[in-house]
Amino acid sequence: MRQTLDTGWRRRGSSWIWDEEARNLVCTAPEVWSLRQFLQAVGHWSDDLPSNGGDTLVVAGLDGSLDLLSPDDAEVWLLDVIKPAVLSFQSYYEGQAALSFWMPSARERLKTNPATDAVTWLCEAPHRGSHLDFGRILWGEANEYPQEILLREGAKPAGLFHLRIT
């Protein structure tokens, strides 16, 4: 998996961030939207995004929502609800805005396989031991895999970034 020190993830594409410093680079806490707000905005996007000088929308709650669903239901929900919402966002802003999912628990639960670039979500109780094929579900047809976001040289990844999912 490629790594990036580029700040482009703050201005375009989709990212899944778990590092508080990374989140603070693009928004303040009051600017974070709930997952419900995000899903209600689909098809009714505003020209003014709340964060990063109007270039970014940060959404919280995806990780908690995944925990409430069985792995099978979570996969269907990601594919039928979340992915179309991300695609709607990308389409409306024509790739000129960033969508970031704030997922603090993802540091320990979003795992990458360096050999295959597969990204999996490790389920929590009561489904501990199960996983979701997160990458295949959300960006399986994309031409390239996401990049790990590094805030500085030698740092641990702060999230994952994908310029455009399909």
# chains A, B, ... in the order shown; residues from 1 in each chain; ligands from 1
>>> residues_around(residues="Thr112 in chain A", least_positions_apart="3", cutoff="10 Å", atoms="only C-alpha atoms", output="short mmCIF file (atom, residue, chain, number, x, y, z; two decimals) with N, CA and C atoms, in the first residue's frame")
data_model
loop_
_atom_site.label_atom_id
_atom_site.label_comp_id
_atom_site.auth_asym_id
_atom_site.auth_seq_id
_atom_site.Cartn_x
_atom_site.Cartn_y
_atom_site.Cartn_z
N MET A 1 0.84 -1.17 0.00
CA MET A 1 0.00 0.00 0.00
C MET A 1 0.89 1.24 0.00
N ARG A 109 -8.89 -1.35 14.13
CA ARG A 109 -9.87 -2.26 13.51
C ARG A 109 -9.89 -2.25 11.99
N ALA A 115 0.46 -7.43 1.16
CA ALA A 115 0.69 -8.29 -0.01
C ALA A 115 -0.41 -8.13 -1.06
N THR A 116 -1.64 -7.89 -0.60
CA THR A 116 -2.76 -7.81 -1.54
C THR A 116 -3.43 -6.44 -1.58
N ASP A 117 -3.05 -5.55 -0.66
CA ASP A 117 -3.69 -4.25 -0.50
C ASP A 117 -5.15 -4.36 -0.06
N ALA A 118 -5.56 -5.53 0.41
CA ALA A 118 -6.92 -5.70 0.93
C ALA A 118 -7.06 -4.91 2.23
N VAL A 119 -8.24 -4.35 2.42
CA VAL A 119 -8.54 -3.60 3.64
C VAL A 119 -9.76 -4.25 4.28
N THR A 120 -9.62 -4.68 5.53
CA THR A 120 -10.72 -5.32 6.24
C THR A 120 -11.05 -4.56 7.52
N TRP A 121 -12.31 -4.64 7.90
CA TRP A 121 -12.81 -4.06 9.14
C TRP A 121 -13.03 -5.20 10.12
N PHE A 134 -13.90 -4.49 3.73
CA PHE A 134 -14.17 -3.06 3.62
C PHE A 134 -13.73 -2.50 2.26
N GLY A 135 -12.51 -2.80 1.86
CA GLY A 135 -11.99 -2.28 0.60
C GLY A 135 -12.77 -2.77 -0.61
N GLU A 148 -2.14 5.19 2.45
CA GLU A 148 -2.10 5.48 3.88
C GLU A 148 -1.71 6.94 4.05
N LEU A 160 -6.72 6.41 5.82
CA LEU A 160 -6.61 5.95 4.43
C LEU A 160 -7.27 6.99 3.53
#
>>> closest_atom_pairs(of="range 75-130 of chain A", to="range 53-67 of chain A", cutoff="9 Å", atoms="only C-alpha atoms", output="Markdown table")
| residue | atom | partner | partner_atom | distance |
| --- | --- | --- | --- | --- |
| A:Glu75 | CA | A:Leu66 | CA | 8.9 |
| A:Trp77 | CA | A:Leu66 | CA | 8.8 |
| A:Leu78 | CA | A:Leu66 | CA | 8.7 |
| A:Ile82 | CA | A:Leu62 | CA | 9.0 |
| A:Gln96 | CA | A:Asp55 | CA | 7.5 |
| A:Ala97 | CA | A:Asp55 | CA | 4.9 |
| A:Ala98 | CA | A:Thr56 | CA | 4.6 |
| A:Leu99 | CA | A:Leu57 | CA | 5.0 |
| A:Ser100 | CA | A:Val58 | CA | 4.7 |
| A:Phe101 | CA | A:Val59 | CA | 4.8 |
| A:Trp102 | CA | A:Ala60 | CA | 4.9 |
| A:Met103 | CA | A:Asp63 | CA | 5.7 |
| A:Pro104 | CA | A:Asp63 | CA | 8.0 |
| A:Ser105 | CA | A:Asp63 | CA | 7.0 |
| A:Ala106 | CA | A:Asp63 | CA | 7.4 |
| A:Cys123 | CA | A:Asp67 | CA | 6.7 |
| A:Glu124 | CA | A:Asp67 | CA | 6.2 |
| A:Ala125 | CA | A:Asp67 | CA | 7.6 |
| A:Pro126 | CA | A:Asp67 | CA | 8.4 |
| A:His127 | CA | A:Asp67 | CA | 8.3 |
>>> atom_distance(atom1="CA of Gly140 in chain A", atom2="CA of Leu122 in chain A")
17.8 Å
>>> select_by_dssp(residues="chain A", states="alpha helix (DSSP H)", output="VMD selection string")
chain A and resid 20 to 26 35 to 41 62 to 67 71 to 77 83 to 93 106 to 109 134 to 139
>>> closest_residue(among="A:Ala85, A:Ala155, A:Leu68, A:Leu163", to="His44 in chain A", atoms="only C-alpha atoms")
A:Ala85
>>> residues_around(residues="Arg152 in chain A", least_positions_apart="2", cutoff="12 Å", atoms="only C-alpha atoms", output="NGL selection string")
:A and (3-7 or 21-22 or 148-150 or 154-158)
>>> write_last_selection(atoms="N, CA, C and O atoms", output="PDB file, in the first residue's frame")
ATOM      1  N   GLN A   3       1.992   5.128   0.559  1.00  0.00           N
ATOM      2  CA  GLN A   3       1.797   6.104   1.626  1.00  0.00           C
ATOM      3  C   GLN A   3       1.920   7.495   1.031  1.00  0.00           C
ATOM      4  O   GLN A   3       2.582   7.699   0.013  1.00  0.00           O
ATOM      5  N   THR A   4       1.271   8.436   1.650  1.00  0.00           N
ATOM      6  CA  THR A   4       1.326   9.802   1.151  1.00  0.00           C
ATOM      7  C   THR A   4       1.517  10.792   2.294  1.00  0.00           C
ATOM      8  O   THR A   4       0.882  10.684   3.332  1.00  0.00           O
ATOM      9  N   LEU A   5       2.422  11.719   2.064  1.00  0.00           N
ATOM     10  CA  LEU A   5       2.573  12.870   2.953  1.00  0.00           C
ATOM     11  C   LEU A   5       1.845  14.070   2.357  1.00  0.00           C
ATOM     12  O   LEU A   5       1.756  15.122   2.970  1.00  0.00           O
ATOM     13  N   ASP A   6       1.318  13.892   1.155  1.00  0.00           N
ATOM     14  CA  ASP A   6       0.591  14.922   0.447  1.00  0.00           C
ATOM     15  C   ASP A   6      -0.617  15.371   1.268  1.00  0.00           C
ATOM     16  O   ASP A   6      -1.251  14.571   1.946  1.00  0.00           O
ATOM     17  N   THR A   7      -0.942  16.626   1.190  1.00  0.00           N
ATOM     18  CA  THR A   7      -2.096  17.140   1.925  1.00  0.00           C
ATOM     19  C   THR A   7      -3.361  17.120   1.072  1.00  0.00           C
ATOM     20  O   THR A   7      -4.390  17.636   1.501  1.00  0.00           O
ATOM     21  N   GLU A  21      -5.138  14.239  15.485  1.00  0.00           N
ATOM     22  CA  GLU A  21      -4.386  15.343  14.877  1.00  0.00           C
ATOM     23  C   GLU A  21      -4.809  15.545  13.426  1.00  0.00           C
ATOM     24  O   GLU A  21      -4.985  16.674  12.965  1.00  0.00           O
ATOM     25  N   ALA A  22      -5.007  14.445  12.706  1.00  0.00           N
ATOM     26  CA  ALA A  22      -5.451  14.542  11.315  1.00  0.00           C
ATOM     27  C   ALA A  22      -6.825  15.194  11.231  1.00  0.00           C
ATOM     28  O   ALA A  22      -7.064  16.071  10.398  1.00  0.00           O
ATOM     29  N   GLU A 148      -2.139   5.191   2.450  1.00  0.00           N
ATOM     30  CA  GLU A 148      -2.104   5.476   3.879  1.00  0.00           C
ATOM     31  C   GLU A 148      -1.712   6.938   4.053  1.00  0.00           C
ATOM     32  O   GLU A 148      -0.779   7.423   3.415  1.00  0.00           O
ATOM     33  N   ILE A 149      -2.422   7.645   4.915  1.00  0.00           N
ATOM     34  CA  ILE A 149      -2.137   9.050   5.189  1.00  0.00           C
ATOM     35  C   ILE A 149      -1.077   9.130   6.278  1.00  0.00           C
ATOM     36  O   ILE A 149      -1.264   8.586   7.367  1.00  0.00           O
ATOM     37  N   LEU A 150       0.010   9.797   5.970  1.00  0.00           N
ATOM     38  CA  LEU A 150       1.059  10.057   6.960  1.00  0.00           C
ATOM     39  C   LEU A 150       1.100  11.560   7.205  1.00  0.00           C
ATOM     40  O   LEU A 150       1.128  12.335   6.262  1.00  0.00           O
ATOM     41  N   GLY A 154       7.888   8.999   8.684  1.00  0.00           N
ATOM     42  CA  GLY A 154       8.130   8.031   9.751  1.00  0.00           C
ATOM     43  C   GLY A 154       6.986   7.854  10.731  1.00  0.00           C
ATOM     44  O   GLY A 154       7.069   7.027  11.636  1.00  0.00           O
ATOM     45  N   ALA A 155       5.913   8.620  10.570  1.00  0.00           N
ATOM     46  CA  ALA A 155       4.775   8.517  11.485  1.00  0.00           C
ATOM     47  C   ALA A 155       3.930   7.291  11.153  1.00  0.00           C
ATOM     48  O   ALA A 155       3.973   6.766  10.046  1.00  0.00           O
ATOM     49  N   LYS A 156       3.138   6.867  12.126  1.00  0.00           N
ATOM     50  CA  LYS A 156       2.167   5.805  11.875  1.00  0.00           C
ATOM     51  C   LYS A 156       1.047   6.380  11.013  1.00  0.00           C
ATOM     52  O   LYS A 156       0.745   7.574  11.099  1.00  0.00           O
ATOM     53  N   PRO A 157       0.405   5.532  10.205  1.00  0.00           N
ATOM     54  CA  PRO A 157      -0.695   6.032   9.382  1.00  0.00           C
ATOM     55  C   PRO A 157      -1.787   6.678  10.233  1.00  0.00           C
ATOM     56  O   PRO A 157      -2.136   6.201  11.306  1.00  0.00           O
ATOM     57  N   ALA A 158      -2.335   7.777   9.713  1.00  0.00           N
ATOM     58  CA  ALA A 158      -3.400   8.515  10.388  1.00  0.00           C
ATOM     59  C   ALA A 158      -4.759   8.214   9.757  1.00  0.00           C
ATOM     60  O   ALA A 158      -5.786   8.631  10.266  1.00  0.00           O
TER      61      ALA A 158
END
>>> closest_residue(among="A:Thr28, A:Asp73, A:Ala41, A:Ser14", to="Leu138 in chain A", atoms="only C-alpha atoms")
A:Ser14
>>> select_by_dssp(residues="chain A", states="strand (DSSP E)", output="ChimeraX atom specification")
/A:3-4,13-17,33-34,56-60,98-102,110-113,118-122,131-132,147-149,159-162
>>> write_last_selection(atoms="N, CA, C and O atoms", output="compact mmCIF listing (two decimals), in the first residue's frame")
# COMPACT_ATOMS: atom_id res chain seq x y z
N GLN A 3 1.99 5.13 0.56
CA GLN A 3 1.80 6.10 1.63
C GLN A 3 1.92 7.49 1.03
O GLN A 3 2.58 7.70 0.01
N THR A 4 1.27 8.44 1.65
CA THR A 4 1.33 9.80 1.15
C THR A 4 1.52 10.79 2.29
O THR A 4 0.88 10.68 3.33
N GLY A 13 -11.29 13.97 -2.64
CA GLY A 13 -11.31 12.53 -2.42
C GLY A 13 -12.05 12.14 -1.15
O GLY A 13 -12.74 12.94 -0.53
N SER A 14 -11.89 10.87 -0.80
CA SER A 14 -12.52 10.31 0.40
C SER A 14 -11.45 9.77 1.31
O SER A 14 -10.49 9.16 0.84
N SER A 15 -11.63 9.99 2.59
CA SER A 15 -10.67 9.45 3.55
C SER A 15 -11.39 8.89 4.75
O SER A 15 -12.53 9.26 5.05
N TRP A 16 -10.71 7.98 5.39
CA TRP A 16 -11.18 7.34 6.61
C TRP A 16 -10.07 7.59 7.62
O TRP A 16 -9.01 6.99 7.54
N ILE A 17 -10.28 8.55 8.53
CA ILE A 17 -9.21 8.96 9.43
C ILE A 17 -9.53 8.53 10.86
O ILE A 17 -10.69 8.51 11.28
N TRP A 33 -20.14 16.48 11.06
CA TRP A 33 -21.52 16.07 10.85
C TRP A 33 -21.72 14.66 11.39
O TRP A 33 -20.82 13.83 11.35
N SER A 34 -22.93 14.39 11.82
CA SER A 34 -23.28 13.02 12.19
C SER A 34 -23.52 12.23 10.90
O SER A 34 -23.77 12.81 9.83
N THR A 56 -14.15 20.71 2.76
CA THR A 56 -14.20 19.39 3.39
C THR A 56 -15.47 19.20 4.21
O THR A 56 -15.94 20.12 4.87
N LEU A 57 -15.94 17.95 4.19
CA LEU A 57 -17.01 17.51 5.07
C LEU A 57 -16.47 16.34 5.89
O LEU A 57 -15.99 15.36 5.32
N VAL A 58 -16.53 16.45 7.21
CA VAL A 58 -16.10 15.38 8.11
C VAL A 58 -17.35 14.78 8.74
O VAL A 58 -18.21 15.50 9.26
N VAL A 59 -17.44 13.45 8.68
CA VAL A 59 -18.61 12.72 9.15
C VAL A 59 -18.20 11.73 10.23
O VAL A 59 -17.25 10.96 10.04
N ALA A 60 -18.90 11.73 11.34
CA ALA A 60 -18.64 10.78 12.43
C ALA A 60 -19.80 9.81 12.55
O ALA A 60 -20.94 10.14 12.24
N ALA A 98 -13.44 17.30 -0.30
CA ALA A 98 -13.01 16.12 0.46
C ALA A 98 -14.12 15.66 1.39
O ALA A 98 -14.79 16.47 2.04
N LEU A 99 -14.28 14.35 1.45
CA LEU A 99 -15.20 13.72 2.39
C LEU A 99 -14.35 12.85 3.31
O LEU A 99 -13.66 11.94 2.84
N SER A 100 -14.38 13.15 4.60
CA SER A 100 -13.59 12.39 5.56
C SER A 100 -14.49 11.76 6.61
O SER A 100 -15.33 12.44 7.21
N PHE A 101 -14.33 10.46 6.78
CA PHE A 101 -15.07 9.76 7.83
C PHE A 101 -14.15 9.68 9.05
O PHE A 101 -13.06 9.11 8.97
N TRP A 102 -14.59 10.28 10.14
CA TRP A 102 -13.85 10.26 11.40
C TRP A 102 -14.21 8.97 12.11
O TRP A 102 -15.35 8.76 12.51
N LEU A 110 -9.27 -1.27 11.36
CA LEU A 110 -9.17 -1.24 9.91
C LEU A 110 -7.78 -1.77 9.55
O LEU A 110 -6.78 -1.10 9.79
N LYS A 111 -7.72 -2.97 9.02
CA LYS A 111 -6.44 -3.64 8.77
C LYS A 111 -6.17 -3.76 7.28
O LYS A 111 -7.08 -4.01 6.49
N THR A 112 -4.92 -3.54 6.93
CA THR A 112 -4.51 -3.67 5.54
C THR A 112 -3.58 -4.86 5.40
O THR A 112 -2.82 -5.18 6.31
N ASN A 113 -3.66 -5.51 4.27
CA ASN A 113 -2.77 -6.61 3.94
C ASN A 113 -1.79 -6.10 2.89
O ASN A 113 -2.19 -5.87 1.74
N ALA A 118 -5.56 -5.53 0.41
CA ALA A 118 -6.92 -5.70 0.93
C ALA A 118 -7.06 -4.91 2.23
O ALA A 118 -6.13 -4.84 3.03
N VAL A 119 -8.24 -4.35 2.42
CA VAL A 119 -8.54 -3.60 3.64
C VAL A 119 -9.76 -4.25 4.28
O VAL A 119 -10.81 -4.38 3.65
N THR A 120 -9.62 -4.68 5.53
CA THR A 120 -10.72 -5.32 6.24
C THR A 120 -11.05 -4.56 7.52
O THR A 120 -10.19 -3.92 8.12
N TRP A 121 -12.31 -4.64 7.90
CA TRP A 121 -12.81 -4.06 9.14
C TRP A 121 -13.03 -5.20 10.12
O TRP A 121 -13.77 -6.14 9.82
N LEU A 122 -12.39 -5.13 11.27
CA LEU A 122 -12.55 -6.15 12.29
C LEU A 122 -13.77 -5.83 13.14
O LEU A 122 -13.83 -4.77 13.77
N HIS A 131 -15.16 -10.28 10.17
CA HIS A 131 -14.62 -9.08 9.53
C HIS A 131 -15.43 -8.75 8.28
O HIS A 131 -16.17 -9.59 7.77
N LEU A 132 -15.29 -7.51 7.84
CA LEU A 132 -15.90 -7.05 6.59
C LEU A 132 -14.79 -6.78 5.60
O LEU A 132 -13.76 -6.21 5.95
N GLN A 147 -4.37 5.08 -0.32
CA GLN A 147 -3.06 5.39 0.23
C GLN A 147 -3.19 5.57 1.73
O GLN A 147 -4.21 6.06 2.21
N GLU A 148 -2.14 5.19 2.45
CA GLU A 148 -2.10 5.48 3.88
C GLU A 148 -1.71 6.94 4.05
O GLU A 148 -0.78 7.42 3.42
N ILE A 149 -2.42 7.65 4.92
CA ILE A 149 -2.14 9.05 5.19
C ILE A 149 -1.08 9.13 6.28
O ILE A 149 -1.26 8.59 7.37
N GLY A 159 -4.74 7.46 8.65
CA GLY A 159 -5.97 7.12 7.95
C GLY A 159 -5.66 6.58 6.58
O GLY A 159 -4.50 6.33 6.24
N LEU A 160 -6.72 6.41 5.82
CA LEU A 160 -6.61 5.95 4.43
C LEU A 160 -7.27 6.99 3.53
O LEU A 160 -8.28 7.60 3.91
N PHE A 161 -6.74 7.15 2.33
CA PHE A 161 -7.23 8.14 1.38
C PHE A 161 -7.43 7.49 0.02
O PHE A 161 -6.59 6.71 -0.43
N HIS A 162 -8.55 7.82 -0.60
CA HIS A 162 -8.80 7.37 -1.97
C HIS A 162 -9.28 8.57 -2.76
O HIS A 162 -10.25 9.23 -2.37
>>> closest_residue(among="A:Gln40, A:Thr166, A:Ser51, A:Ser46", to="Tyr92 in chain A", atoms="only C-alpha atoms")
A:Ser46
>>> closest_residue(among="A:Ser70, A:Gln37, A:Ser88, A:Asn52", to="Trp9 in chain A", atoms="only C-alpha atoms")
A:Asn52
>>> atom_distance(atom1="CA of Leu25 in chain A", atom2="CA of Glu153 in chain A")
16.6 Å
>>> atom_distance(atom1="CA of Phe89 in chain A", atom2="CA of Gly43 in chain A")
8.3 Å
>>> decode(residues="range 135-158 of chain A", atoms="N, CA and C atoms", output="tab-separated table (two decimals), in the first residue's frame")
chain	number	residue	atom	x	y	z
A	135	GLY	N	-12.51	-2.80	1.86
A	135	GLY	CA	-11.99	-2.28	0.60
A	135	GLY	C	-12.77	-2.77	-0.61
A	136	ARG	N	-13.06	-4.05	-0.66
A	136	ARG	CA	-13.80	-4.60	-1.80
A	136	ARG	C	-15.19	-3.96	-1.88
A	137	ILE	N	-15.82	-3.77	-0.73
A	137	ILE	CA	-17.17	-3.22	-0.71
A	137	ILE	C	-17.17	-1.76	-1.18
A	138	LEU	N	-16.27	-0.95	-0.63
A	138	LEU	CA	-16.31	0.49	-0.91
A	138	LEU	C	-15.55	0.93	-2.15
A	139	TRP	N	-14.45	0.31	-2.46
A	139	TRP	CA	-13.72	0.75	-3.65
A	139	TRP	C	-13.23	-0.41	-4.50
A	140	GLY	N	-13.94	-1.52	-4.47
A	140	GLY	CA	-13.55	-2.73	-5.18
A	140	GLY	C	-13.34	-2.56	-6.67
A	141	GLU	N	-14.05	-1.64	-7.30
A	141	GLU	CA	-13.90	-1.46	-8.73
A	141	GLU	C	-13.00	-0.29	-9.09
A	142	ALA	N	-12.41	0.34	-8.11
A	142	ALA	CA	-11.51	1.47	-8.38
A	142	ALA	C	-10.24	0.96	-9.03
A	143	ASN	N	-9.59	1.84	-9.76
A	143	ASN	CA	-8.38	1.45	-10.47
A	143	ASN	C	-7.15	1.38	-9.60
A	144	GLU	N	-7.20	1.94	-8.43
A	144	GLU	CA	-6.06	1.87	-7.53
A	144	GLU	C	-6.54	1.78	-6.09
A	145	TYR	N	-5.68	1.25	-5.26
A	145	TYR	CA	-6.01	1.07	-3.86
A	145	TYR	C	-5.78	2.37	-3.11
A	146	PRO	N	-6.32	2.48	-1.90
A	146	PRO	CA	-6.14	3.72	-1.14
A	146	PRO	C	-4.69	3.87	-0.67
A	147	GLN	N	-4.37	5.08	-0.32
A	147	GLN	CA	-3.06	5.39	0.23
A	147	GLN	C	-3.19	5.57	1.73
A	148	GLU	N	-2.14	5.19	2.45
A	148	GLU	CA	-2.10	5.48	3.88
A	148	GLU	C	-1.71	6.94	4.05
A	149	ILE	N	-2.42	7.65	4.92
A	149	ILE	CA	-2.14	9.05	5.19
A	149	ILE	C	-1.08	9.13	6.28
A	150	LEU	N	0.01	9.80	5.97
A	150	LEU	CA	1.06	10.06	6.96
A	150	LEU	C	1.10	11.56	7.21
A	151	LEU	N	1.12	11.95	8.46
A	151	LEU	CA	1.19	13.37	8.78
A	151	LEU	C	2.61	13.90	8.73
A	152	ARG	N	3.56	13.01	8.91
A	152	ARG	CA	4.98	13.37	8.81
A	152	ARG	C	5.78	12.12	8.51
A	153	GLU	N	6.96	12.30	8.00
A	153	GLU	CA	7.84	11.18	7.66
A	153	GLU	C	8.06	10.29	8.87
A	154	GLY	N	7.89	9.00	8.68
A	154	GLY	CA	8.13	8.03	9.75
A	154	GLY	C	6.99	7.85	10.73
A	155	ALA	N	5.91	8.62	10.57
A	155	ALA	CA	4.77	8.52	11.48
A	155	ALA	C	3.93	7.29	11.15
A	156	LYS	N	3.14	6.87	12.13
A	156	LYS	CA	2.17	5.81	11.88
A	156	LYS	C	1.05	6.38	11.01
A	157	PRO	N	0.41	5.53	10.21
A	157	PRO	CA	-0.69	6.03	9.38
A	157	PRO	C	-1.79	6.68	10.23
A	158	ALA	N	-2.33	7.78	9.71
A	158	ALA	CA	-3.40	8.52	10.39
A	158	ALA	C	-4.76	8.21	9.76
